[in-house]
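What follows is one structure encoded as structure tokens, with my remarks underneath.
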Amino acid sequence: EARKQWVIEATGRDSKFRTDGQLENAKVFARLCLSNGQDKAALEHTVTAMEAIAAATDPTTKRGGDIGGQVRTAAPALVRILYKFGNSFNAEQLERIKRAVSGEVFTYRIRDHGTENHAMDFVSALYLLPQYFPDATWKWAGLKGREFAKDGRQTFTSQQMMDEARGRILRRGRNFYRAGHAEQLSTTYDMLSARSSFLLWEFARDPVVRDAGEALTVYHVGLHALNGFDGHTMPPFNRRNALQARSAPDGRILPFSNLAAWLFWGLNERIETNPADGQTMDFAISSLRIPEPLNRIARGAGAPYEIRGANGQFGFWGQAIPPQTTRDPETLRYVWRDRDFAIGGPVGVNFNPAGYFPDNHMFNIVWKSKNRLRALE
């Protein structure tokens with residue numbers, strides 16, 4: 001609780017919002033928490049940011065900026081803002097938000113897939129925004145030949161949106177538990193999926209969807225707890241774009257999994273610069289808690305032990321992409337987790353350079369140390 005409060009207070013010190021239409025979600029969270037939902041500038045910034053994104057001329061292109069990226073960031077953040085602080089908006093502001101998110105730009109994007117963490121951001125919003133606005137009519141721009149437009153509909157009711165999202169959430173959960181996923185243990189992206197599954201666990205009213213959100217959160221966070229050593233995620237894994245370290249001096253970037261390990265388990269060091277990193281704030285203000293067995297495992301309970309597993313291939317909602325009928329493992333992996341060191345490496349790799357293989361991290365030896373860097377790779 002002390003770490004969460006520090007993140008909120010450190011982020012809330014910044015008093016100015018951007019004026020270019022992008023939602024500064026971490027700052028909004030912090031300032032609304034510190035003001036008990038009464039920060040009028042944070043509330044209006046949320047509304048105008050949604051309207052700016054919705055005003056994009058074409059939801060299928062990047063004209064006017066990376067609209068897909070803006071929606072992906074803003075949609076799950078808006079979910080938490082509405083469900084936690086919705087009563088702080090006045091009726092006119094809520095109507096403006098509803099009009100913005102039910103337009104073509106948002107509806108097109110949150111019914112898309114993208115990468116695996118994108119899909120979790122989108123599908124959580126696809127379910128929870130219509131649940132919040134049950135009387136909205138959602139406008140669909142459509143793309144011919146895509147899964148989402150084959151029935152020719154141009155508008156959706158909130159219940160239709162939720163039904164569609166429910167099926168995708170359950171498919172993802174079943175398939176990920178059965179065969180893993182491509183971003184499994186990614187130090188950059190896997191915890192982003194957990195951030196959005198947290199939303200379903202916390203706010204979905206359908207007990208089946210809520211249980212699926214809990215199961216997906218346990219899946220993503222549990223993998224990092226089991227495969228972590230003193231806050232360091234053990235390879236092999238895909239999609240690493242920053243070096244793991246115990247701290248980040250001089251404003252350097254730390255992977256999200258290292259930040260989450262500090263927030264959840266007190267591992268690594270407190271991040272003095274850019275404390276929320278835009279994502280840890282979601283966890284900091286959540287009313288949910290990581291299950292205690294995962295906390296004990298992350299802090300070293302049960303060591304020494306070995307892990308034999310596999311990282312899955314990419315698939316939409318965890319399904320095989322035709323003409324394939326199964327998702328064969330992408331990487332067979334082995335980890336030895338001792339009390340004072342850990343080793344992780346591949347047993348076998350199905351390399352596919354033209355596929356989902358950016359920034360693959362294959363081998364690491366890491367040891368107990370107070371040094372910022374304490375690994376050989």
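In the structure tokens, the first chain shown is A, the next is B, and so on; residue numbers restart at 1 for each chain, and ligands run from 1 in the order shown.
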Practice task
Based on DSSP run over this structure's backbone, return all residues of stretch 173-279 of chain A in strand (DSSP E or B), as a VMD selection string.
Solution key: chain A and resid 228 to 229 232 to 233 237
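The nearest approach to A:His181 among the residues A:Ala320, A:Val105, A:Leu254, A:Leu288, with only C-alpha atoms taken into account, belongs to A:Ala320.
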Sort by chain and increasing residue number a table of all residues of stretch 103-204 of chain A within 12 Å of stretch 228-232 of chain A, each with its closest pair of atoms and their distance in Å to one decimal, counting only C-alpha atoms, and write it as a tab-separated table.
residue	atom	partner	partner_atom	distance
A:Leu185	CA	A:Gly228	CA	9.5
A:Ser186	CA	A:His232	CA	11.6
A:Thr187	CA	A:His232	CA	9.1
Since we have the selection now, will you write its residues out, keeping all heavy atoms, as a short mmCIF file (atom, residue, chain, number, x, y, z; two decimals), in the first residue's frame?
data_model
loop_
_atom_site.label_atom_id
_atom_site.label_comp_id
_atom_site.auth_asym_id
_atom_site.auth_seq_id
_atom_site.Cartn_x
_atom_site.Cartn_y
_atom_site.Cartn_z
N LEU A 185 5.70 -13.71 -21.14
CA LEU A 185 6.85 -13.25 -20.35
C LEU A 185 7.55 -12.03 -20.95
O LEU A 185 8.56 -11.58 -20.40
CB LEU A 185 7.86 -14.37 -20.10
CG LEU A 185 7.36 -15.51 -19.24
CD1 LEU A 185 8.36 -16.68 -19.27
CD2 LEU A 185 7.12 -15.06 -17.81
N SER A 186 7.03 -11.47 -22.04
CA SER A 186 7.62 -10.24 -22.58
C SER A 186 7.71 -9.21 -21.47
O SER A 186 6.72 -8.87 -20.82
CB SER A 186 6.77 -9.69 -23.72
OG SER A 186 7.13 -8.35 -24.01
N THR A 187 8.92 -8.69 -21.23
CA THR A 187 9.10 -7.73 -20.15
C THR A 187 8.46 -6.38 -20.48
O THR A 187 8.25 -5.56 -19.59
CB THR A 187 10.60 -7.53 -19.87
OG1 THR A 187 11.28 -7.30 -21.11
CG2 THR A 187 11.18 -8.75 -19.19
#
Problem - DSSP-assigned alpha helix (DSSP H) members of stretch 30-151 of chain A, reported as JSON, numbers by chain - result: {"A": [30, 31, 32, 33, 34, 40, 41, 42, 43, 44, 45, 46, 47, 48, 49, 50, 51, 52, 53, 54, 67, 68, 69, 70, 71, 72, 73, 74, 75, 76, 77, 78, 79, 80, 81, 82, 83, 84, 85, 91, 92, 93, 94, 95, 96, 97, 98, 99, 100, 101, 104, 105, 106, 107, 108, 109, 110, 116, 117, 118, 119, 120, 121, 122, 123, 124, 125, 126, 127, 128, 129, 130, 131, 132]}
Exercise for the section: May I ask which of the residues A:Ala342, A:Leu223, A:Ile307, A:Leu170 is the closest one to A:Ile365, counting only C-alpha atoms? Expected result: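 The closest residue to A:Ile365 is A:Ala342.
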Problem - Test item: residues at most 12 Å from A:Tyr177, only C-alpha atoms, excluding those fewer than 3 positions along its chain, as a list in words - result: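 Final neighbour list, sorted by chain and number: Leu170, Arg171, Arg172, Gly173, Arg174, Gly180, His181, Gln184, Ala212, Ala215, Leu216, Thr217, Val218, Tyr219, His220, Gly222, Leu223, Ala310, Asn311, Gly312, Trp317, Gly318 and Gln319 of chain A.
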For the selection you just gave me, I'd like the residues written to a file as a PDB file, in the first residue's frame, keeping C-alpha atoms.
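Contents of again_9.pdb, freshly written:
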ATOM      1  CA  LEU A 170     -13.364 -16.726 -23.270  1.00  0.00           C
ATOM      2  CA  ARG A 171     -11.571 -17.950 -26.420  1.00  0.00           C
ATOM      3  CA  ARG A 172      -8.418 -16.087 -25.429  1.00  0.00           C
ATOM      4  CA  GLY A 173      -8.484 -17.511 -21.919  1.00  0.00           C
ATOM      5  CA  ARG A 174      -8.995 -21.110 -23.030  1.00  0.00           C
ATOM      6  CA  GLY A 180       0.616 -20.198 -24.206  1.00  0.00           C
ATOM      7  CA  HIS A 181       1.083 -17.092 -26.311  1.00  0.00           C
ATOM      8  CA  GLN A 184       4.472 -14.774 -22.944  1.00  0.00           C
ATOM      9  CA  ALA A 212     -12.276 -15.055 -16.982  1.00  0.00           C
ATOM     10  CA  ALA A 215      -8.085 -16.277 -14.614  1.00  0.00           C
ATOM     11  CA  LEU A 216      -6.255 -14.235 -17.263  1.00  0.00           C
ATOM     12  CA  THR A 217      -4.739 -11.981 -14.595  1.00  0.00           C
ATOM     13  CA  VAL A 218      -3.498 -14.997 -12.639  1.00  0.00           C
ATOM     14  CA  TYR A 219      -2.150 -16.441 -15.896  1.00  0.00           C
ATOM     15  CA  HIS A 220      -0.127 -13.361 -16.879  1.00  0.00           C
ATOM     16  CA  GLY A 222       1.592 -15.895 -12.296  1.00  0.00           C
ATOM     17  CA  LEU A 223       3.968 -16.581 -15.183  1.00  0.00           C
ATOM     18  CA  ALA A 310       7.012 -23.552 -24.019  1.00  0.00           C
ATOM     19  CA  ASN A 311       6.147 -20.160 -25.466  1.00  0.00           C
ATOM     20  CA  GLY A 312       3.287 -20.326 -27.944  1.00  0.00           C
ATOM     21  CA  TRP A 317      -7.528 -14.810 -29.703  1.00  0.00           C
ATOM     22  CA  GLY A 318      -5.021 -17.620 -29.244  1.00  0.00           C
ATOM     23  CA  GLN A 319      -6.290 -19.603 -32.240  1.00  0.00           C
TER      24      GLN A 319
END
Problem - Counting only C-alpha atoms, the option among A:Ala74, A:Met162, A:Ala49, A:Val209 closest to A:Ser197 - result: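 Closest candidate: A:Val209.
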Exercise for the section: Would you work out the distance separating atom CA of A:Glu269 from atom CA of A:Thr233, expressed in Å to one decimal? Expected result: 15.1 Å
Handout entry: Contacts of A:Phe156 within 6 Å, only C-alpha atoms, excl. fewer than 3 positions in-chain, as a PyMOL selection string
Key = chain A and resi 137-138+160
Using N, CA, C and O atoms, can you export the residues from the last selection as a PDB file, in the first residue's frame?
ATOM      1  N   THR A 137     -25.568   3.593 -29.140  1.00  0.00           N
ATOM      2  CA  THR A 137     -25.531   2.951 -30.451  1.00  0.00           C
ATOM      3  C   THR A 137     -24.126   3.123 -31.001  1.00  0.00           C
ATOM      4  O   THR A 137     -23.634   4.249 -31.130  1.00  0.00           O
ATOM      5  N   TRP A 138     -23.486   2.013 -31.312  1.00  0.00           N
ATOM      6  CA  TRP A 138     -22.072   2.018 -31.688  1.00  0.00           C
ATOM      7  C   TRP A 138     -21.964   1.959 -33.203  1.00  0.00           C
ATOM      8  O   TRP A 138     -22.443   1.029 -33.844  1.00  0.00           O
ATOM      9  N   GLN A 160     -24.911  -6.191 -28.111  1.00  0.00           N
ATOM     10  CA  GLN A 160     -24.203  -6.886 -29.188  1.00  0.00           C
ATOM     11  C   GLN A 160     -22.687  -6.748 -29.039  1.00  0.00           C
ATOM     12  O   GLN A 160     -21.939  -7.710 -29.268  1.00  0.00           O
TER      13      GLN A 160
END
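Going from atom CA of A:Trp6 over to atom CA of A:Ala26, you cover 13.1 Å.
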